[in-house]
Amino acid sequence: MSGFVEKPEPAQVPGLLHLHTGKVRDLYQNQAGELVMVASDRMSAYDWVLPTEIPDKGRVLTQLSLWWFDKLADIVPHHVISTDVPEGAPADWEGRTMVCTSLRMIPVECVARGYLTGSGLAEYQQDRTVCGVTLPEGLVDGSELPAPIFTPATKAEVGEHDENVPYEEVARQVGADTAAQLRQTTLAVYGRARDIARDRGIILADTKFEFGFDAEERLTIGDEVLTPDSSRFWPAELWEPGHPQPSYDKQFVRDWLTSPASGWDRKSERPPPPLPPEVVEQTRAKYIEAYERLTGNVW
């Protein structure tokens, strides 16, 4: 059993209908039919939403997504209409709220990989493929791929794990034309972001996107984009294939949870314990460092 250790109660805001509480974001609908997305400071790991929050995390995710949406607008439109906080909403929503057009979401996690690591590495070690894409011999953890690849996954519920699937399965589920559009757009966005990040001394190892169709049936990027929650960012100066790379993400959290210090057995059905203050602070610092290094802005 996994999911929320402590599921939060949604805020009650006049004129807003609460739709969904996700791992990180709370979704509402306003009276105009638009989505109001609020990024919380919740942290998830190993399919659990942890009982301890990371201060400012939701604002970092929101502000970094907005920065990237602007950089990518000539490749694919995004869903953001405004960042105005609805009247009567909690003051804490400032900086973490996006008012968005409602999309018909495509039930596929669109993953682009430029480097071999994570679940892709595990699959490669078994049969030299990732999501049905054959890769050359001799690659190791952290190796740059000959060219970026599209490795989609099915989208899971809270507490479930996304499952990598071959491209042919995506085509079967959503149609050949949509699948081709997803692959082309995912790789185009990854290529732009990889080059921008590289200029700032950061390697974009892999990332995932969510797309939907707007009212005019235009493919549109939604949710978050190119954040430490949805991407693996590595400091370029420390890149060294052959072992796991240091990264700008929740690795401090994962490492502590699987260490003897936590006392938690990942394979058990017990929920994970609260995070200690030093892990919270180290994780917060990494999220902010990623934001500052990518955008050039001071948090």
# chains A, B, ... in the order shown; residues from 1 in each chain; ligands from 1
$ residues_around --residues "stretch 184-200 of chain A" --least-positions-apart "2" --cutoff "10 Å" --atoms "only C-alpha atoms" --output "compact mmCIF listing (two decimals) with all heavy atoms, in the first residue's frame"
# COMPACT_ATOMS: atom_id res chain seq x y z
N TRP A 68 10.23 28.29 -18.30
CA TRP A 68 10.42 27.38 -19.43
C TRP A 68 9.30 27.51 -20.46
O TRP A 68 9.56 27.45 -21.68
CB TRP A 68 10.48 25.93 -18.93
CG TRP A 68 11.81 25.49 -18.40
CD1 TRP A 68 12.09 25.14 -17.11
CD2 TRP A 68 13.02 25.31 -19.13
NE1 TRP A 68 13.41 24.75 -17.01
CE2 TRP A 68 14.00 24.85 -18.22
CE3 TRP A 68 13.38 25.49 -20.47
CZ2 TRP A 68 15.31 24.57 -18.61
CZ3 TRP A 68 14.68 25.21 -20.86
CH2 TRP A 68 15.64 24.76 -19.94
N LYS A 71 10.21 30.03 -22.85
CA LYS A 71 11.31 29.64 -23.73
C LYS A 71 10.88 28.67 -24.83
O LYS A 71 11.57 28.54 -25.85
CB LYS A 71 12.44 28.98 -22.91
CG LYS A 71 13.04 29.85 -21.82
CD LYS A 71 13.86 30.99 -22.40
CE LYS A 71 14.54 31.80 -21.31
NZ LYS A 71 15.20 33.01 -21.84
N LEU A 72 9.77 27.98 -24.61
CA LEU A 72 9.36 26.92 -25.52
C LEU A 72 8.15 27.29 -26.37
O LEU A 72 7.70 26.49 -27.20
CB LEU A 72 9.01 25.66 -24.71
CG LEU A 72 10.10 25.12 -23.78
CD1 LEU A 72 9.52 24.05 -22.86
CD2 LEU A 72 11.26 24.56 -24.59
N ALA A 73 7.64 28.50 -26.21
CA ALA A 73 6.35 28.87 -26.80
C ALA A 73 6.32 28.78 -28.32
O ALA A 73 5.27 28.56 -28.92
CB ALA A 73 5.95 30.27 -26.35
N ASP A 74 7.49 28.93 -28.97
CA ASP A 74 7.50 28.84 -30.43
C ASP A 74 7.50 27.39 -30.91
O ASP A 74 7.30 27.14 -32.11
CB ASP A 74 8.72 29.57 -30.99
CG ASP A 74 10.03 28.98 -30.52
OD1 ASP A 74 10.14 28.66 -29.32
OD2 ASP A 74 10.95 28.82 -31.35
N ILE A 75 7.70 26.44 -30.01
CA ILE A 75 7.67 25.02 -30.38
C ILE A 75 6.29 24.43 -30.12
O ILE A 75 5.73 23.71 -30.95
CB ILE A 75 8.73 24.22 -29.59
CG1 ILE A 75 10.13 24.70 -29.95
CG2 ILE A 75 8.60 22.72 -29.89
CD1 ILE A 75 11.23 24.01 -29.16
N VAL A 76 5.73 24.74 -28.94
CA VAL A 76 4.42 24.19 -28.57
C VAL A 76 3.73 25.17 -27.63
O VAL A 76 4.36 25.73 -26.73
CB VAL A 76 4.58 22.80 -27.90
CG1 VAL A 76 5.41 22.88 -26.62
CG2 VAL A 76 3.24 22.14 -27.63
N CYS A 110 5.10 11.58 -21.51
CA CYS A 110 5.99 11.68 -22.67
C CYS A 110 7.42 11.94 -22.18
O CYS A 110 7.75 13.07 -21.80
CB CYS A 110 5.52 12.79 -23.60
SG CYS A 110 3.94 12.40 -24.39
N VAL A 111 8.23 10.90 -22.17
CA VAL A 111 9.57 10.97 -21.61
C VAL A 111 10.60 11.06 -22.73
O VAL A 111 10.54 10.30 -23.71
CB VAL A 111 9.86 9.73 -20.74
CG1 VAL A 111 11.26 9.81 -20.13
CG2 VAL A 111 8.80 9.60 -19.64
N ALA A 112 11.53 11.98 -22.58
CA ALA A 112 12.68 12.07 -23.48
C ALA A 112 13.94 11.79 -22.68
O ALA A 112 14.11 12.31 -21.58
CB ALA A 112 12.76 13.46 -24.11
N ARG A 113 14.81 10.97 -23.24
CA ARG A 113 16.06 10.63 -22.57
C ARG A 113 17.23 10.95 -23.50
O ARG A 113 17.24 10.54 -24.66
CB ARG A 113 16.13 9.13 -22.23
CG ARG A 113 15.03 8.63 -21.31
CD ARG A 113 15.14 7.12 -21.11
NE ARG A 113 13.97 6.59 -20.44
CZ ARG A 113 13.86 6.40 -19.13
NH1 ARG A 113 14.88 6.72 -18.35
NH2 ARG A 113 12.76 5.91 -18.61
N GLY A 114 18.20 11.67 -22.95
CA GLY A 114 19.43 11.93 -23.68
C GLY A 114 20.61 11.22 -23.08
O GLY A 114 21.69 11.15 -23.69
N ALA A 147 21.68 9.57 -29.70
CA ALA A 147 20.69 10.62 -29.99
C ALA A 147 19.58 10.49 -28.97
O ALA A 147 19.34 9.40 -28.44
CB ALA A 147 20.13 10.46 -31.41
N PRO A 148 18.90 11.58 -28.63
CA PRO A 148 17.80 11.48 -27.66
C PRO A 148 16.72 10.52 -28.16
O PRO A 148 16.47 10.40 -29.36
CB PRO A 148 17.27 12.91 -27.59
CG PRO A 148 18.41 13.77 -28.02
CD PRO A 148 19.14 12.97 -29.05
N ILE A 149 16.08 9.85 -27.20
CA ILE A 149 15.02 8.89 -27.56
C ILE A 149 13.73 9.22 -26.81
O ILE A 149 13.75 9.79 -25.72
CB ILE A 149 15.45 7.43 -27.27
CG1 ILE A 149 15.82 7.25 -25.79
CG2 ILE A 149 16.61 7.03 -28.17
CD1 ILE A 149 16.13 5.81 -25.40
N PHE A 150 12.62 8.83 -27.42
CA PHE A 150 11.29 9.00 -26.85
C PHE A 150 10.90 7.70 -26.17
O PHE A 150 10.82 6.65 -26.82
CB PHE A 150 10.30 9.36 -27.96
CG PHE A 150 8.86 9.47 -27.53
CD1 PHE A 150 8.48 10.43 -26.61
CD2 PHE A 150 7.89 8.65 -28.07
CE1 PHE A 150 7.15 10.57 -26.22
CE2 PHE A 150 6.55 8.78 -27.71
CZ PHE A 150 6.18 9.74 -26.77
N THR A 151 10.71 7.74 -24.84
CA THR A 151 10.42 6.52 -24.09
C THR A 151 9.17 6.74 -23.25
O THR A 151 9.26 7.07 -22.07
CB THR A 151 11.61 6.11 -23.20
OG1 THR A 151 11.91 7.18 -22.29
CG2 THR A 151 12.84 5.83 -24.05
N PRO A 152 7.99 6.57 -23.82
CA PRO A 152 6.76 6.91 -23.13
C PRO A 152 6.44 5.95 -21.98
O PRO A 152 6.99 4.86 -21.87
CB PRO A 152 5.71 6.80 -24.24
CG PRO A 152 6.30 5.80 -25.21
CD PRO A 152 7.77 6.05 -25.17
N THR A 178 -1.48 10.96 -33.49
CA THR A 178 -1.21 11.61 -32.20
C THR A 178 0.10 11.11 -31.61
O THR A 178 0.89 11.90 -31.07
CB THR A 178 -2.37 11.36 -31.22
OG1 THR A 178 -3.56 11.95 -31.74
CG2 THR A 178 -2.08 11.96 -29.86
N ALA A 179 0.35 9.82 -31.72
CA ALA A 179 1.60 9.26 -31.19
C ALA A 179 2.80 9.89 -31.88
O ALA A 179 3.80 10.26 -31.24
CB ALA A 179 1.62 7.75 -31.36
N ALA A 180 2.73 10.04 -33.19
CA ALA A 180 3.83 10.65 -33.94
C ALA A 180 4.02 12.11 -33.53
O ALA A 180 5.16 12.59 -33.39
CB ALA A 180 3.57 10.54 -35.44
N GLN A 181 2.91 12.82 -33.31
CA GLN A 181 2.99 14.22 -32.90
C GLN A 181 3.60 14.33 -31.49
O GLN A 181 4.41 15.23 -31.23
CB GLN A 181 1.59 14.83 -32.92
CG GLN A 181 1.57 16.35 -32.85
CD GLN A 181 0.17 16.92 -32.99
OE1 GLN A 181 -0.83 16.19 -33.01
NE2 GLN A 181 0.08 18.24 -33.06
N LEU A 182 3.23 13.41 -30.61
CA LEU A 182 3.79 13.41 -29.26
C LEU A 182 5.30 13.18 -29.30
O LEU A 182 6.06 13.86 -28.62
CB LEU A 182 3.13 12.32 -28.41
CG LEU A 182 1.69 12.55 -27.98
CD1 LEU A 182 1.17 11.33 -27.23
CD2 LEU A 182 1.57 13.79 -27.11
N ILE A 202 24.46 22.86 -16.98
CA ILE A 202 23.61 21.79 -16.46
C ILE A 202 23.30 20.79 -17.58
O ILE A 202 22.96 21.18 -18.70
CB ILE A 202 22.31 22.35 -15.88
CG1 ILE A 202 22.62 23.10 -14.58
CG2 ILE A 202 21.28 21.26 -15.63
CD1 ILE A 202 21.40 23.69 -13.90
N ILE A 203 23.41 19.52 -17.27
CA ILE A 203 23.02 18.45 -18.19
C ILE A 203 21.56 18.07 -17.91
O ILE A 203 21.20 17.79 -16.76
CB ILE A 203 23.92 17.21 -18.01
CG1 ILE A 203 25.33 17.50 -18.54
CG2 ILE A 203 23.33 15.99 -18.72
CD1 ILE A 203 26.33 16.40 -18.24
N LEU A 204 20.74 18.10 -18.94
CA LEU A 204 19.37 17.60 -18.83
C LEU A 204 19.39 16.14 -19.27
O LEU A 204 19.37 15.84 -20.46
CB LEU A 204 18.42 18.43 -19.70
CG LEU A 204 16.98 17.95 -19.78
CD1 LEU A 204 16.33 17.90 -18.40
CD2 LEU A 204 16.17 18.82 -20.73
N ALA A 205 19.45 15.24 -18.30
CA ALA A 205 19.59 13.81 -18.61
C ALA A 205 18.31 13.24 -19.19
O ALA A 205 18.33 12.52 -20.20
CB ALA A 205 19.98 13.04 -17.35
N ASP A 206 17.19 13.54 -18.57
CA ASP A 206 15.89 13.11 -19.09
C ASP A 206 14.81 13.97 -18.47
O ASP A 206 15.04 14.69 -17.49
CB ASP A 206 15.65 11.61 -18.85
CG ASP A 206 15.77 11.21 -17.38
OD1 ASP A 206 15.26 11.94 -16.51
OD2 ASP A 206 16.38 10.17 -17.09
N THR A 207 13.64 13.91 -19.05
CA THR A 207 12.52 14.71 -18.55
C THR A 207 11.22 14.12 -19.04
O THR A 207 11.20 13.32 -19.99
CB THR A 207 12.66 16.17 -19.02
OG1 THR A 207 11.71 16.98 -18.33
CG2 THR A 207 12.46 16.30 -20.53
N LYS A 208 10.12 14.51 -18.41
CA LYS A 208 8.81 14.03 -18.86
C LYS A 208 7.85 15.20 -19.01
O LYS A 208 7.92 16.19 -18.28
CB LYS A 208 8.24 12.99 -17.91
CG LYS A 208 7.93 13.49 -16.50
CD LYS A 208 7.38 12.36 -15.65
CE LYS A 208 7.07 12.84 -14.24
NZ LYS A 208 6.54 11.77 -13.38
N PHE A 209 6.98 15.08 -19.99
CA PHE A 209 5.99 16.11 -20.29
C PHE A 209 4.60 15.49 -20.30
O PHE A 209 4.44 14.28 -20.52
CB PHE A 209 6.24 16.73 -21.66
CG PHE A 209 7.64 17.25 -21.87
CD1 PHE A 209 8.49 16.64 -22.78
CD2 PHE A 209 8.11 18.34 -21.16
CE1 PHE A 209 9.78 17.11 -22.98
CE2 PHE A 209 9.39 18.82 -21.35
CZ PHE A 209 10.23 18.20 -22.26
N GLU A 210 3.60 16.36 -20.11
CA GLU A 210 2.20 15.96 -20.29
C GLU A 210 1.58 16.90 -21.31
O GLU A 210 1.76 18.12 -21.25
CB GLU A 210 1.44 16.01 -18.97
CG GLU A 210 1.92 14.96 -17.98
CD GLU A 210 1.00 14.83 -16.79
OE1 GLU A 210 -0.22 14.94 -16.99
OE2 GLU A 210 1.51 14.61 -15.69
N PHE A 211 0.85 16.32 -22.24
CA PHE A 211 0.22 17.09 -23.31
C PHE A 211 -1.28 16.84 -23.32
O PHE A 211 -1.77 15.80 -22.86
CB PHE A 211 0.79 16.71 -24.68
CG PHE A 211 2.24 17.02 -24.87
CD1 PHE A 211 3.21 16.04 -24.69
CD2 PHE A 211 2.66 18.29 -25.23
CE1 PHE A 211 4.55 16.32 -24.87
CE2 PHE A 211 3.99 18.59 -25.41
CZ PHE A 211 4.95 17.61 -25.23
N LEU A 219 -2.29 20.60 -30.07
CA LEU A 219 -1.49 19.95 -29.04
C LEU A 219 -0.88 21.02 -28.15
O LEU A 219 -0.24 21.96 -28.64
CB LEU A 219 -0.39 19.09 -29.68
CG LEU A 219 0.39 18.20 -28.69
CD1 LEU A 219 -0.51 17.08 -28.17
CD2 LEU A 219 1.63 17.61 -29.35
N THR A 220 -1.06 20.88 -26.85
CA THR A 220 -0.67 21.91 -25.88
C THR A 220 0.03 21.23 -24.70
O THR A 220 -0.39 20.17 -24.24
CB THR A 220 -1.91 22.68 -25.38
OG1 THR A 220 -2.59 23.24 -26.52
CG2 THR A 220 -1.53 23.78 -24.42
N ILE A 221 1.09 21.85 -24.22
CA ILE A 221 1.81 21.29 -23.08
C ILE A 221 1.17 21.79 -21.80
O ILE A 221 0.79 22.95 -21.68
CB ILE A 221 3.31 21.64 -23.15
CG1 ILE A 221 4.13 20.75 -22.22
CG2 ILE A 221 3.57 23.11 -22.88
CD1 ILE A 221 5.62 20.79 -22.50
N VAL A 225 6.74 21.80 -16.28
CA VAL A 225 7.67 21.49 -17.36
C VAL A 225 9.09 21.78 -16.91
O VAL A 225 9.38 22.85 -16.34
CB VAL A 225 7.31 22.29 -18.65
CG1 VAL A 225 7.41 23.78 -18.45
CG2 VAL A 225 8.19 21.85 -19.82
N LEU A 226 9.96 20.79 -17.08
CA LEU A 226 11.42 20.94 -16.89
C LEU A 226 11.77 21.47 -15.51
O LEU A 226 12.55 22.41 -15.35
CB LEU A 226 11.99 21.82 -18.00
CG LEU A 226 11.87 21.18 -19.39
CD1 LEU A 226 11.86 22.24 -20.48
CD2 LEU A 226 13.00 20.19 -19.61
N PHE A 233 18.39 16.82 -13.65
CA PHE A 233 19.40 17.84 -13.95
C PHE A 233 20.70 17.45 -13.25
O PHE A 233 20.69 17.23 -12.03
CB PHE A 233 18.95 19.21 -13.45
CG PHE A 233 17.75 19.79 -14.16
CD1 PHE A 233 16.59 20.08 -13.46
CD2 PHE A 233 17.78 20.07 -15.51
CE1 PHE A 233 15.48 20.63 -14.09
CE2 PHE A 233 16.69 20.62 -16.16
CZ PHE A 233 15.54 20.90 -15.45
N TRP A 234 21.79 17.40 -14.00
CA TRP A 234 23.09 17.09 -13.41
C TRP A 234 24.04 18.27 -13.61
O TRP A 234 24.06 18.87 -14.69
CB TRP A 234 23.72 15.87 -14.10
CG TRP A 234 22.96 14.60 -13.99
CD1 TRP A 234 22.04 14.25 -13.04
CD2 TRP A 234 23.05 13.46 -14.87
NE1 TRP A 234 21.55 12.98 -13.27
CE2 TRP A 234 22.16 12.48 -14.39
CE3 TRP A 234 23.80 13.20 -16.03
CZ2 TRP A 234 22.02 11.24 -15.02
CZ3 TRP A 234 23.66 11.97 -16.64
CH2 TRP A 234 22.77 11.01 -16.15
N PRO A 235 24.85 18.60 -12.61
CA PRO A 235 25.88 19.62 -12.82
C PRO A 235 26.91 19.11 -13.84
O PRO A 235 27.52 18.05 -13.63
CB PRO A 235 26.49 19.82 -11.44
CG PRO A 235 26.10 18.61 -10.65
CD PRO A 235 24.83 18.09 -11.23
N ALA A 236 27.08 19.84 -14.93
CA ALA A 236 27.93 19.36 -16.03
C ALA A 236 29.37 19.15 -15.60
O ALA A 236 30.05 18.22 -16.08
CB ALA A 236 27.87 20.35 -17.20
N ARG A 293 20.38 28.65 -11.17
CA ARG A 293 21.40 28.37 -12.19
C ARG A 293 20.79 28.37 -13.58
O ARG A 293 21.41 28.85 -14.54
CB ARG A 293 22.06 27.01 -11.89
CG ARG A 293 23.35 26.77 -12.63
CD ARG A 293 24.14 25.66 -11.99
NE ARG A 293 25.36 25.40 -12.75
CZ ARG A 293 26.25 24.48 -12.45
NH1 ARG A 293 26.09 23.71 -11.39
NH2 ARG A 293 27.31 24.30 -13.22
N LEU A 294 19.57 27.87 -13.70
CA LEU A 294 18.92 27.83 -15.01
C LEU A 294 18.45 29.22 -15.45
O LEU A 294 18.70 29.63 -16.58
CB LEU A 294 17.75 26.86 -14.98
CG LEU A 294 18.10 25.37 -15.02
CD1 LEU A 294 16.91 24.51 -14.64
CD2 LEU A 294 18.62 24.96 -16.41
N THR A 295 17.79 29.93 -14.56
CA THR A 295 17.15 31.19 -14.96
C THR A 295 18.08 32.39 -14.86
O THR A 295 17.84 33.42 -15.50
CB THR A 295 15.91 31.47 -14.09
OG1 THR A 295 16.34 31.72 -12.74
CG2 THR A 295 14.95 30.29 -14.12
N GLY A 296 19.11 32.28 -14.00
CA GLY A 296 19.96 33.44 -13.74
C GLY A 296 19.35 34.41 -12.76
O GLY A 296 19.93 35.45 -12.45
$ residues_around --residues "stretch 98-105 of chain A" --least-positions-apart "3" --cutoff "9 Å" --atoms "only C-alpha atoms" --output "VMD selection string"
chain A and resid 29 to 30 33 to 39 62 66 78 to 86 95 108 210 to 215 217 220 222
$ write_last_selection --atoms "N, CA, C and O atoms" --output "compact mmCIF listing (two decimals), in the first residue's frame"
# COMPACT_ATOMS: atom_id res chain seq x y z
N GLN A 29 -11.52 24.22 -10.29
CA GLN A 29 -12.12 24.81 -11.49
C GLN A 29 -12.84 26.07 -11.08
O GLN A 29 -13.58 26.09 -10.08
N ASN A 30 -12.59 27.15 -11.84
CA ASN A 30 -13.29 28.39 -11.52
C ASN A 30 -14.60 28.47 -12.30
O ASN A 30 -14.93 27.58 -13.09
N GLY A 33 -14.79 27.94 -16.00
CA GLY A 33 -14.43 26.64 -16.53
C GLY A 33 -12.93 26.44 -16.69
O GLY A 33 -12.50 25.43 -17.25
N GLU A 34 -12.14 27.39 -16.18
CA GLU A 34 -10.69 27.28 -16.27
C GLU A 34 -10.14 26.48 -15.09
O GLU A 34 -10.76 26.44 -14.02
N LEU A 35 -9.00 25.87 -15.28
CA LEU A 35 -8.35 25.13 -14.21
C LEU A 35 -7.49 26.08 -13.38
O LEU A 35 -6.80 26.94 -13.94
N VAL A 36 -7.52 25.92 -12.09
CA VAL A 36 -6.63 26.64 -11.18
C VAL A 36 -5.73 25.60 -10.54
O VAL A 36 -6.19 24.73 -9.80
N MET A 37 -4.44 25.66 -10.87
CA MET A 37 -3.46 24.69 -10.38
C MET A 37 -2.61 25.35 -9.30
O MET A 37 -2.03 26.41 -9.53
N VAL A 38 -2.54 24.70 -8.16
CA VAL A 38 -1.78 25.23 -7.04
C VAL A 38 -0.71 24.20 -6.66
O VAL A 38 -1.03 23.08 -6.27
N ALA A 39 0.55 24.59 -6.79
CA ALA A 39 1.66 23.68 -6.49
C ALA A 39 2.00 23.77 -5.01
O ALA A 39 2.41 24.83 -4.51
N THR A 62 6.60 26.21 -9.80
CA THR A 62 5.73 27.08 -10.59
C THR A 62 6.55 28.12 -11.35
O THR A 62 6.35 28.32 -12.57
N LEU A 66 6.99 28.40 -15.46
CA LEU A 66 6.62 29.60 -16.21
C LEU A 66 7.78 30.10 -17.05
O LEU A 66 7.60 30.53 -18.20
N HIS A 78 1.41 26.52 -24.50
CA HIS A 78 1.21 26.01 -23.15
C HIS A 78 -0.18 26.40 -22.65
O HIS A 78 -0.90 27.15 -23.30
N HIS A 79 -0.53 25.89 -21.49
CA HIS A 79 -1.91 26.03 -21.00
C HIS A 79 -2.13 27.20 -20.07
O HIS A 79 -3.25 27.42 -19.61
N VAL A 80 -1.09 27.99 -19.75
CA VAL A 80 -1.22 29.03 -18.73
C VAL A 80 -1.94 30.26 -19.30
O VAL A 80 -1.55 30.79 -20.34
N ILE A 81 -2.96 30.72 -18.58
CA ILE A 81 -3.67 31.94 -18.92
C ILE A 81 -3.15 33.11 -18.09
O ILE A 81 -2.88 34.19 -18.60
N SER A 82 -3.01 32.89 -16.77
CA SER A 82 -2.53 33.93 -15.88
C SER A 82 -1.98 33.30 -14.61
O SER A 82 -2.15 32.10 -14.38
N THR A 83 -1.36 34.13 -13.79
CA THR A 83 -0.88 33.68 -12.48
C THR A 83 -1.60 34.43 -11.36
O THR A 83 -1.12 34.48 -10.23
N ASP A 84 -2.75 34.99 -11.69
CA ASP A 84 -3.54 35.74 -10.69
C ASP A 84 -4.10 34.78 -9.64
O ASP A 84 -4.67 33.73 -9.97
N VAL A 85 -3.94 35.14 -8.39
CA VAL A 85 -4.49 34.34 -7.30
C VAL A 85 -5.98 34.66 -7.18
O VAL A 85 -6.36 35.84 -7.08
N PRO A 86 -6.85 33.66 -7.19
CA PRO A 86 -8.29 33.93 -7.10
C PRO A 86 -8.66 34.67 -5.82
O PRO A 86 -8.05 34.46 -4.77
N GLY A 95 2.42 33.04 -5.95
CA GLY A 95 3.66 32.50 -6.50
C GLY A 95 3.62 31.04 -6.84
O GLY A 95 4.55 30.50 -7.46
N VAL A 108 -0.65 9.77 -21.40
CA VAL A 108 0.69 9.24 -21.66
C VAL A 108 1.71 10.18 -21.03
O VAL A 108 1.61 11.40 -21.20
N GLU A 210 3.60 16.36 -20.11
CA GLU A 210 2.20 15.96 -20.29
C GLU A 210 1.58 16.90 -21.31
O GLU A 210 1.76 18.12 -21.25
N PHE A 211 0.85 16.32 -22.24
CA PHE A 211 0.22 17.09 -23.31
C PHE A 211 -1.28 16.84 -23.32
O PHE A 211 -1.77 15.80 -22.86
N GLY A 212 -1.99 17.80 -23.88
CA GLY A 212 -3.41 17.64 -24.11
C GLY A 212 -3.81 18.45 -25.34
O GLY A 212 -2.99 19.15 -25.94
N PHE A 213 -5.07 18.36 -25.71
CA PHE A 213 -5.59 19.14 -26.83
C PHE A 213 -6.50 20.23 -26.29
O PHE A 213 -7.33 19.99 -25.40
N ASP A 214 -6.33 21.45 -26.81
CA ASP A 214 -7.20 22.55 -26.39
C ASP A 214 -8.50 22.52 -27.18
O ASP A 214 -8.76 21.58 -27.94
N ALA A 215 -9.32 23.53 -27.00
CA ALA A 215 -10.64 23.56 -27.65
C ALA A 215 -10.54 23.57 -29.16
O ALA A 215 -11.48 23.17 -29.86
N GLU A 217 -8.26 21.86 -30.73
CA GLU A 217 -7.55 20.61 -31.06
C GLU A 217 -6.07 20.84 -31.35
O GLU A 217 -5.46 20.10 -32.14
N THR A 220 -1.06 20.88 -26.85
CA THR A 220 -0.67 21.91 -25.88
C THR A 220 0.03 21.23 -24.70
O THR A 220 -0.39 20.17 -24.24
N GLY A 222 1.00 20.88 -20.83
CA GLY A 222 0.32 21.22 -19.59
C GLY A 222 1.12 20.83 -18.36
O GLY A 222 2.29 20.45 -18.45
$ closest_atom_pairs --of "stretch 156-273 of chain A" --to "stretch 43-61 of chain A" --cutoff "12 Å" --atoms "only C-alpha atoms" --output "CSV"
residue,atom,partner,partner_atom,distance
A:Ala156,CA,A:Asp47,CA,10.1
A:Glu157,CA,A:Asp47,CA,9.7
A:Val158,CA,A:Asp47,CA,7.3
A:Gly159,CA,A:Asp47,CA,4.9
A:Glu160,CA,A:Asp47,CA,6.3
A:His161,CA,A:Asp47,CA,6.5
A:Asp162,CA,A:Asp47,CA,9.6
A:Asp223,CA,A:Leu61,CA,10.4
A:Glu224,CA,A:Leu61,CA,7.3
A:Val225,CA,A:Leu61,CA,8.4
A:Leu226,CA,A:Leu61,CA,8.8
A:Thr227,CA,A:Leu61,CA,5.9
A:Pro228,CA,A:Leu61,CA,7.6
A:Asp229,CA,A:Leu61,CA,7.7
A:Ser230,CA,A:Leu61,CA,9.5
A:Ser231,CA,A:Leu61,CA,11.3
A:Asp249,CA,A:Met43,CA,10.7
A:Lys250,CA,A:Ala45,CA,7.9
A:Gln251,CA,A:Ala45,CA,9.3
A:Phe252,CA,A:Ala45,CA,10.6
A:Val253,CA,A:Ala45,CA,7.5
A:Arg254,CA,A:Ala45,CA,6.5
A:Asp255,CA,A:Ala45,CA,10.3
A:Trp256,CA,A:Ala45,CA,10.9
A:Leu257,CA,A:Ala45,CA,8.7
A:Thr258,CA,A:Tyr46,CA,10.0
A:Trp264,CA,A:Tyr46,CA,11.8
A:Asp265,CA,A:Tyr46,CA,11.3
A:Arg266,CA,A:Tyr46,CA,7.8
A:Lys267,CA,A:Tyr46,CA,10.0
A:Ser268,CA,A:Tyr46,CA,11.7
A:Glu269,CA,A:Trp48,CA,10.7
A:Arg270,CA,A:Trp48,CA,10.4
A:Pro271,CA,A:Trp48,CA,7.5
A:Pro272,CA,A:Leu50,CA,6.8
A:Pro273,CA,A:Pro51,CA,7.3
$ select_by_dssp --residues "stretch 19-184 of chain A" --states "strand (DSSP E or B)" --output "PyMOL selection string"
chain A and resi 19-21+25-29+35-39+44-45+48-49+78+80-82+97-100+104-105+108-115+129-130+133-134+144-150+153-154+163-164
$ write_last_selection --atoms "C-alpha atoms" --output "short mmCIF file (atom, residue, chain, number, x, y, z; two decimals), in the first residue's frame"
data_model
loop_
_atom_site.label_atom_id
_atom_site.label_comp_id
_atom_site.auth_asym_id
_atom_site.auth_seq_id
_atom_site.Cartn_x
_atom_site.Cartn_y
_atom_site.Cartn_z
CA LEU A 19 -11.33 18.64 -8.56
CA HIS A 20 -8.30 16.67 -7.47
CA THR A 21 -5.50 16.42 -4.94
CA ARG A 25 -0.68 19.91 -7.12
CA ASP A 26 -4.22 20.70 -6.10
CA LEU A 27 -6.62 21.28 -8.99
CA TYR A 28 -9.68 23.50 -8.88
CA GLN A 29 -12.12 24.81 -11.49
CA LEU A 35 -8.35 25.13 -14.21
CA VAL A 36 -6.63 26.64 -11.18
CA MET A 37 -3.46 24.69 -10.38
CA VAL A 38 -1.78 25.23 -7.04
CA ALA A 39 1.66 23.68 -6.49
CA SER A 44 6.84 12.34 -3.02
CA ALA A 45 9.30 9.46 -3.10
CA TRP A 48 4.53 7.80 -1.27
CA VAL A 49 3.56 11.41 -0.61
CA HIS A 78 1.21 26.01 -23.15
CA VAL A 80 -1.22 29.03 -18.73
CA ILE A 81 -3.67 31.94 -18.92
CA SER A 82 -2.53 33.93 -15.88
CA THR A 97 -0.81 29.39 -8.70
CA MET A 98 -1.45 29.05 -12.43
CA VAL A 99 -4.84 29.68 -14.03
CA CYS A 100 -4.94 27.42 -17.09
CA ARG A 104 -8.33 17.14 -23.04
CA MET A 105 -5.32 15.41 -21.57
CA VAL A 108 0.69 9.24 -21.66
CA GLU A 109 3.81 10.40 -19.83
CA CYS A 110 5.99 11.68 -22.67
CA VAL A 111 9.57 10.97 -21.61
CA ALA A 112 12.68 12.07 -23.48
CA ARG A 113 16.06 10.63 -22.57
CA GLY A 114 19.43 11.93 -23.68
CA TYR A 115 21.43 9.96 -21.13
CA THR A 129 16.76 -1.67 -25.21
CA VAL A 130 14.75 1.11 -23.56
CA VAL A 133 14.47 1.31 -28.69
CA THR A 134 17.64 -0.68 -29.35
CA GLU A 144 25.15 10.07 -23.26
CA LEU A 145 22.99 8.35 -25.87
CA PRO A 146 23.87 8.56 -29.58
CA ALA A 147 20.69 10.62 -29.99
CA PRO A 148 17.80 11.48 -27.66
CA ILE A 149 15.02 8.89 -27.56
CA PHE A 150 11.29 9.00 -26.85
CA ALA A 153 5.07 5.59 -20.00
CA THR A 154 1.51 5.02 -18.92
CA GLU A 163 5.06 1.89 -16.45
CA ASN A 164 7.35 2.24 -19.47
#
$ atom_distance --atom1 "atom CA of A:His243" --atom2 "atom CA of A:Leu121"
11.0 Å
$ closest_residue --among "A:Pro14, A:Gly3, A:Pro260, A:Ala285" --to "A:Trp299" --atoms "only C-alpha atoms"
A:Ala285
